[in-house]
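Visitor: Got a file for you: query.cif, mmCIF, C-alpha atoms.
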```
data_model
#
loop_
_atom_site.label_atom_id
_atom_site.label_comp_id
_atom_site.auth_asym_id
_atom_site.auth_seq_id
_atom_site.Cartn_x
_atom_site.Cartn_y
_atom_site.Cartn_z
CA VAL A 10 58.61 41.55 -23.89
CA TYR A 11 59.58 39.48 -26.92
CA VAL A 12 58.55 40.24 -30.48
CA GLY A 13 59.37 38.82 -33.88
CA ASP A 14 59.74 40.84 -37.05
CA ASN A 15 59.58 40.22 -40.80
CA SER A 16 63.38 40.42 -41.01
CA ASN A 17 63.70 37.01 -39.28
CA ARG A 18 64.69 38.43 -35.91
CA LEU A 19 63.57 37.83 -32.33
CA ILE A 20 63.76 41.05 -30.32
CA ALA A 21 63.71 41.52 -26.53
CA VAL A 22 62.25 44.86 -25.47
CA ASP A 23 62.46 46.38 -21.98
CA ALA A 24 58.80 46.65 -20.90
CA VAL A 25 59.42 49.75 -18.75
CA GLU A 26 61.84 51.75 -20.89
CA GLY A 27 60.73 50.54 -24.32
CA SER A 28 64.35 50.10 -25.37
CA THR A 29 65.76 47.11 -27.22
CA LYS A 30 67.65 44.73 -24.89
CA TRP A 31 68.94 42.38 -27.59
CA VAL A 32 68.24 41.14 -31.12
CA HIS A 33 68.69 37.50 -32.17
CA PRO A 34 68.72 36.51 -35.86
CA LEU A 35 66.65 33.48 -36.86
CA GLU A 36 66.53 31.41 -40.02
CA TRP A 37 62.76 31.96 -40.31
CA THR A 38 60.11 34.60 -39.61
CA PRO A 39 58.93 34.26 -35.98
CA ARG A 40 55.12 34.01 -35.94
CA ARG A 41 52.40 32.04 -34.12
CA GLY A 42 53.55 32.99 -30.65
CA ILE A 43 56.60 32.92 -28.44
CA SER A 44 56.61 30.70 -25.35
CA VAL A 45 58.52 32.05 -22.33
CA SER A 46 59.13 30.18 -19.06
CA GLY A 47 59.55 31.82 -15.67
CA ASP A 48 63.31 31.25 -15.77
CA GLY A 49 63.78 32.89 -19.18
CA LEU A 50 63.64 29.92 -21.57
CA ILE A 51 62.23 31.18 -24.88
CA ILE A 52 60.79 28.95 -27.61
CA PRO A 53 59.77 30.97 -30.68
CA ALA A 54 57.48 29.57 -33.37
CA GLY A 55 57.45 30.60 -36.98
CA ASP A 56 57.06 29.96 -40.66
CA GLU A 57 59.08 26.86 -41.49
CA GLY A 58 60.96 27.29 -38.22
CA TYR A 59 62.73 24.45 -36.50
CA LEU A 60 62.42 23.73 -32.78
CA LEU A 61 64.73 26.08 -30.89
CA ALA A 62 65.17 27.12 -27.26
CA LEU A 63 66.98 30.29 -26.19
CA ARG A 64 67.81 31.69 -22.75
CA ASP A 65 67.40 35.38 -21.94
CA ASN A 66 70.43 36.50 -19.91
CA GLY A 67 69.25 40.08 -19.49
CA ASP A 68 71.36 42.00 -21.98
CA SER A 69 72.10 38.99 -24.21
CA VAL A 70 70.61 35.71 -25.38
CA GLU A 71 72.14 32.25 -25.73
CA SER A 72 71.09 29.15 -27.63
CA VAL A 73 70.18 26.30 -25.25
CA TRP A 74 69.23 23.60 -27.77
CA GLU A 75 67.83 23.16 -31.25
CA ARG A 76 66.20 20.43 -33.33
CA LYS A 77 66.64 21.24 -37.00
CA ASP A 78 65.08 17.89 -37.92
CA LEU A 79 61.68 19.11 -36.63
CA THR A 80 59.57 21.79 -38.32
CA GLN A 81 57.15 23.58 -36.00
CA ARG A 82 53.51 23.53 -37.01
CA GLY A 83 51.96 24.89 -33.83
CA THR A 84 52.44 27.37 -31.02
CA PRO A 85 54.82 26.12 -28.29
CA ALA A 86 53.79 26.03 -24.62
CA GLN A 87 55.83 25.33 -21.47
CA THR A 88 54.90 24.20 -17.96
CA ALA A 89 56.52 25.07 -14.65
CA GLY A 90 57.99 21.57 -14.57
CA HIS A 91 60.29 22.30 -17.53
CA THR A 92 58.10 20.39 -19.97
CA GLY A 93 57.26 21.83 -23.36
CA TYR A 94 54.59 21.05 -25.93
CA THR A 95 54.18 21.90 -29.60
CA VAL A 96 53.08 20.39 -32.89
CA ALA A 97 55.94 19.50 -35.21
CA ALA A 98 56.58 17.70 -38.48
CA ILE A 99 59.54 15.42 -38.98
CA GLY A 100 60.93 14.38 -42.34
CA GLU A 101 60.07 15.60 -45.82
CA GLY A 102 56.70 15.88 -47.53
CA LEU A 103 54.68 16.59 -44.40
CA ASP A 104 53.36 20.02 -45.34
#
```
Turn the structure described in the file into C-alpha coordinates.
Guide:
Amino acid sequence: VYVGDNSNRLIAVDAVEGSTKWVHPLEWTPRRGISVSGDGLIIPAGDEGYLLALRDNGDSVESVWERKDLTQRGTPAQTAGHTGYTVAAIGEGLD
(Lines of atoms letter the chains of each structure in order from A and count residues from 1; the text may use other names and numbers.)
(Lines give C-alpha, C1' and ligand atoms only; values in the text may rest on other atoms or scores of the structure.)
Protein backbone atom coordinates (compact mmCIF):
# COMPACT_ATOMS: atom_id res chain seq x y z
CA VAL A 1 0.00 0.00 0.00
CA TYR A 2 1.33 3.45 -0.89
CA VAL A 3 0.26 6.67 0.78
CA GLY A 4 1.35 10.28 0.60
CA ASP A 5 1.48 12.67 3.53
CA ASN A 6 1.48 16.42 4.08
CA SER A 7 5.22 16.33 4.83
CA ASN A 8 6.00 15.69 1.13
CA ARG A 9 6.70 11.99 1.56
CA LEU A 10 5.62 8.84 -0.25
CA ILE A 11 5.29 5.94 2.19
CA ALA A 12 5.10 2.20 1.46
CA VAL A 13 3.15 0.27 4.09
CA ASP A 14 3.07 -3.51 4.47
CA ALA A 15 -0.61 -4.39 3.91
CA VAL A 16 -0.49 -7.42 6.25
CA GLU A 17 1.64 -6.13 9.12
CA GLY A 18 0.79 -2.43 8.88
CA SER A 19 4.46 -1.54 9.27
CA THR A 20 6.33 1.03 7.21
CA LYS A 21 8.50 -0.58 4.51
CA TRP A 22 10.17 2.62 3.29
CA VAL A 23 9.73 6.39 3.11
CA HIS A 24 10.73 8.46 0.07
CA PRO A 25 10.97 12.27 0.28
CA LEU A 26 9.39 14.26 -2.54
CA GLU A 27 9.63 17.91 -3.54
CA TRP A 28 5.83 18.25 -3.43
CA THR A 29 2.81 16.95 -1.51
CA PRO A 30 1.62 13.68 -3.11
CA ARG A 31 -2.11 13.96 -3.87
CA ARG A 32 -4.55 12.99 -6.64
CA GLY A 33 -3.62 9.34 -6.66
CA ILE A 34 -0.64 7.06 -7.00
CA SER A 35 -0.36 4.79 -10.04
CA VAL A 36 1.27 1.39 -9.45
CA SER A 37 2.08 -1.20 -12.13
CA GLY A 38 2.19 -4.94 -11.58
CA ASP A 39 5.99 -4.91 -11.58
CA GLY A 40 6.28 -2.20 -8.93
CA LEU A 41 6.62 0.98 -11.01
CA ILE A 42 5.12 3.84 -8.98
CA ILE A 43 4.07 7.20 -10.44
CA PRO A 44 2.83 9.58 -7.73
CA ALA A 45 0.82 12.71 -8.52
CA GLY A 46 0.71 15.83 -6.44
CA ASP A 47 0.49 19.55 -5.97
CA GLU A 48 2.95 21.15 -8.36
CA GLY A 49 4.69 17.79 -8.71
CA TYR A 50 6.82 16.90 -11.69
CA LEU A 51 6.54 13.60 -13.55
CA LEU A 52 8.45 10.94 -11.61
CA ALA A 53 8.67 7.14 -11.69
CA LEU A 54 9.97 5.06 -8.79
CA ARG A 55 10.52 1.31 -8.42
CA ASP A 56 9.56 -0.55 -5.25
CA ASN A 57 12.35 -3.01 -4.41
CA GLY A 58 10.65 -4.42 -1.33
CA ASP A 59 12.51 -2.76 1.52
CA SER A 60 13.72 0.22 -0.52
CA VAL A 61 12.75 2.42 -3.45
CA GLU A 62 14.78 3.70 -6.40
CA SER A 63 14.23 6.51 -8.87
CA VAL A 64 13.70 5.16 -12.41
CA TRP A 65 13.20 8.43 -14.31
CA GLU A 66 11.95 11.96 -13.83
CA ARG A 67 10.77 14.87 -15.99
CA LYS A 68 11.17 18.09 -14.03
CA ASP A 69 10.13 20.08 -17.11
CA LEU A 70 6.56 18.70 -16.81
CA THR A 71 4.12 19.63 -14.05
CA GLN A 72 1.42 17.04 -13.40
CA ARG A 73 -2.16 18.25 -13.62
CA GLY A 74 -3.95 14.90 -13.53
CA THR A 75 -3.89 11.45 -11.99
CA PRO A 76 -1.41 9.08 -13.69
CA ALA A 77 -2.48 5.68 -15.04
CA GLN A 78 -0.43 2.77 -16.40
CA THR A 79 -1.26 -0.17 -18.67
CA ALA A 80 0.15 -3.69 -18.65
CA GLY A 81 2.13 -2.79 -21.78
CA HIS A 82 4.35 -0.35 -19.87
CA THR A 83 2.51 2.69 -21.21
CA GLY A 84 1.53 5.53 -18.92
CA TYR A 85 -0.94 8.38 -19.23
CA THR A 86 -1.40 11.64 -17.35
CA VAL A 87 -2.20 15.30 -17.91
CA ALA A 88 0.80 17.59 -17.65
CA ALA A 89 1.76 21.21 -18.25
CA ILE A 90 5.04 22.19 -19.85
CA GLY A 91 6.62 25.60 -19.61
CA GLU A 92 5.66 28.60 -17.51
CA GLY A 93 2.33 30.36 -17.16
CA LEU A 94 0.16 27.29 -17.73
CA ASP A 95 -1.63 27.23 -14.38
Visitor: If you apply the PyMOL selection byres ((chain A and resi 87) around 10) to this file, what residues do you get, as a VMD selection string?
Guide: chain A and resid 44 to 47 50 to 52 85 to 86 88 to 95
Visitor: Let me know the residues the PyMOL selection byres ((chain A and resi 66-80) around 9) catches in the file above, as a VMD selection string.
Guide: chain A and resid 21 30 to 33 49 to 50 56 to 65 81 to 82 96 to 100
Visitor: Counting all atoms listed in the file, which residues come within 10 Å of (62.0, 43.1, -34.3), with the point read in the file's coordinates, and could you list them as a VMD selection string?
Guide: chain A and resid 11 to 22 29 31 to 34 39
Visitor: Please compute the CA of Val25 in chain A-CA of Gly42 in chain A distance, one decimal, in Å.
Guide: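 Answer for the CA of Val25 in chain A to CA of Gly42 in chain A separation: 21.4 Å.
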Visitor: Enclose all atoms of range 11-19 of chain A listed in the file in an axis-aligned box, grow every side by 8 Å, and hand back centre and edge lengths in Å to one decimal, as JSON.
Guide:
```
{"center_x": 61.6, "center_y": 38.9, "center_z": -34.0, "size_x": 22.1, "size_y": 19.8, "size_z": 30.1}
```
Visitor: Using only C-alpha atoms, which of the listed residues (A:Asp48, A:Ser28, A:Trp37, A:Ile43) sits closest to Thr84 in chain A?
Guide: A:Ile43
